Amino acid sequence: MKAIVFDNAGTLLKRITVIKDISKDNLFLETNTIGIANQNSHKIIVVFQTPAKKLIKHSNLTIIEYMKMHPDEFEIAYSQIDISKESIISCLSEDNTSIRDIKDTALKLNSFNIEICSGCAIIVDALKCKIDYVYTAGGLFFKCTSTVIETLKKYGYEIYLASGDNKNSLMKIASCLNISKNNIFDTCNVDCKKSVVDKLQQKGYYVYMVGNHTNDRLALKKADV
């Protein structure tokens, strides 16, 4: 049995990400959000499960107010330190970054030609207890993405998707590419991706991992290829 586990951004999807630097109050394009988070070991990426269109309707709230009201609507997608969601809420109690800031990035992203909106996220400095960046991400499938997936299926590979993106966007991707929704692992961090590979191997699969950044490193190391 053969299984291939894909990360999403940069592998299946050509990423477009609009980021807002809160301290400088400016927008810029940068797909390498993991690289920004890697600037120091206390930067954490928190992804909202709430679809972008729904989230930005709460522009009158600060981000921390929304997180307190909807603790099940966000997850830690990337962190180099051991930290809980409760600790992040406590840490950001004095932060006044607004959902309006996220709205700025979502509206700018909407001006581009995208097929999938991957959702909204924030990059938190857990040492300084502040939100450094907010962003909305999306993108286009690479020209050959669907052909590659269909070809792999013909050769007997079972396709899995393990990504830090939210559930809503990954389910859309699964639908577009005819990937079983049971094979989707959303808001999947470094350890989660490794676990996906490990569990497939325990079931007897020969596992290939396709990833493009440090959040894939453990899964890449664990995989057979």
# chains A, B, ... in the order shown; residues from 1 in each chain; ligands from 1
call {"tool": "closest_atom_pairs", "arguments": {"of": "range 146-176 of chain A", "to": "range 64-81 of chain A", "cutoff": "9 Å", "atoms": "only C-alpha atoms", "output": "tab-separated table"}}
result
residue	atom	partner	partner_atom	distance
A:Ser163	CA	A:Ala77	CA	8.7
A:Gly164	CA	A:Ala77	CA	5.2
A:Asp165	CA	A:Ala77	CA	7.8
A:Asn166	CA	A:Glu75	CA	8.7
call {"tool": "write_last_selection", "arguments": {"atoms": "C-alpha atoms", "output": "JSON list (two decimals), in the first residue's frame"}}
result
[["chain", "number", "residue", "atom", "x", "y", "z"],
["A", 163, "SER", "CA", -1.78, 21.48, 6.38],
["A", 164, "GLY", "CA", -1.76, 24.33, 8.86],
["A", 165, "ASP", "CA", -4.67, 25.93, 6.97],
["A", 166, "ASN", "CA", -8.18, 25.88, 8.39]]
call {"tool": "select_by_dssp", "arguments": {"residues": "range 86-171 of chain A", "states": "alpha helix (DSSP H)", "output": "PyMOL selection string"}}
result
chain A and resi 86-91+99-110+145-154+167-171
call {"tool": "residues_around", "arguments": {"residues": "Gly35 in chain A", "least_positions_apart": "6", "cutoff": "12 Å", "atoms": "only C-alpha atoms", "output": "ChimeraX atom specification"}}
result
/A:41,43-45,78-79,123,212-215
call {"tool": "write_last_selection", "arguments": {"atoms": "N, CA, C and O atoms", "output": "compact mmCIF listing (two decimals), in the first residue's frame"}}
result
# COMPACT_ATOMS: atom_id res chain seq x y z
N SER A 41 12.18 32.29 18.39
CA SER A 41 11.53 31.05 18.83
C SER A 41 10.21 31.29 19.56
O SER A 41 9.48 30.33 19.84
N LYS A 43 7.75 33.34 18.36
CA LYS A 43 6.69 33.74 17.44
C LYS A 43 5.82 32.53 17.11
O LYS A 43 6.33 31.46 16.78
N ILE A 44 4.53 32.72 17.19
CA ILE A 44 3.55 31.63 17.05
C ILE A 44 2.52 32.01 16.00
O ILE A 44 2.03 33.15 15.99
N ILE A 45 2.19 31.07 15.12
CA ILE A 45 1.12 31.31 14.15
C ILE A 45 -0.18 30.72 14.69
O ILE A 45 -0.24 29.53 15.03
N TYR A 78 1.49 26.77 14.25
CA TYR A 78 2.95 26.65 14.22
C TYR A 78 3.55 27.30 15.45
O TYR A 78 3.26 28.46 15.75
N SER A 79 4.36 26.54 16.16
CA SER A 79 5.02 27.07 17.35
C SER A 79 6.27 26.25 17.64
O SER A 79 6.26 25.02 17.53
N ILE A 123 0.27 36.32 13.77
CA ILE A 123 1.57 35.90 14.26
C ILE A 123 1.81 36.63 15.57
O ILE A 123 1.88 37.86 15.61
N ASN A 212 7.38 21.78 2.06
CA ASN A 212 8.29 22.81 1.55
C ASN A 212 8.86 23.75 2.62
O ASN A 212 9.48 24.75 2.29
N HIS A 213 8.64 23.40 3.92
CA HIS A 213 9.19 24.33 4.91
C HIS A 213 9.43 23.63 6.25
O HIS A 213 9.19 22.43 6.40
N THR A 214 9.90 24.40 7.23
CA THR A 214 10.30 23.82 8.52
C THR A 214 9.13 23.19 9.27
O THR A 214 9.35 22.33 10.13
N ASN A 215 7.91 23.61 8.97
CA ASN A 215 6.77 22.97 9.64
C ASN A 215 6.51 21.57 9.10
O ASN A 215 5.69 20.83 9.63
call {"tool": "closest_residue", "arguments": {"among": "A:Glu150, A:Glu158, A:Asp7, A:Asp101", "to": "Ile122 in chain A", "atoms": "only C-alpha atoms"}}
result
A:Asp101
call {"tool": "closest_residue", "arguments": {"among": "A:Asp132, A:Asp224, A:Glu30, A:Asp125", "to": "Val18 in chain A", "atoms": "only C-alpha atoms"}}
result
A:Glu30
call {"tool": "closest_atom_pairs", "arguments": {"of": "range 41-97 of chain A", "to": "range 168-176 of chain A", "cutoff": "8 Å", "atoms": "only C-alpha atoms", "output": "Markdown table"}}
result
| residue | atom | partner | partner_atom | distance |
| --- | --- | --- | --- | --- |
| A:Gln49 | CA | A:Asn168 | CA | 7.1 |
| A:Thr50 | CA | A:Asn168 | CA | 7.9 |
| A:Pro51 | CA | A:Asn168 | CA | 6.7 |
call {"tool": "residues_around", "arguments": {"residues": "Lys2 in chain A", "least_positions_apart": "6", "cutoff": "6 Å", "atoms": "only C-alpha atoms", "output": "VMD selection string"}}
result
chain A and resid 157 205 to 206
call {"tool": "closest_residue", "arguments": {"among": "A:Asn110, A:Asp82, A:Asp25, A:Phe142", "to": "Ser98 in chain A", "atoms": "only C-alpha atoms"}}
result
A:Asp25
call {"tool": "select_by_dssp", "arguments": {"residues": "range 13-225 of chain A", "states": "strand (DSSP E)", "output": "ChimeraX atom specification"}}
result
/A:13-21,26-29,43-48,74-78,116-125,130-141,157-162,184-185,206-210
call {"tool": "atom_distance", "arguments": {"atom1": "CA of Met209 in chain A", "atom2": "CA of Val225 in chain A"}}
result
6.4 Å
call {"tool": "atom_distance", "arguments": {"atom1": "CA of Cys144 in chain A", "atom2": "CA of Leu12 in chain A"}}
result
9.0 Å
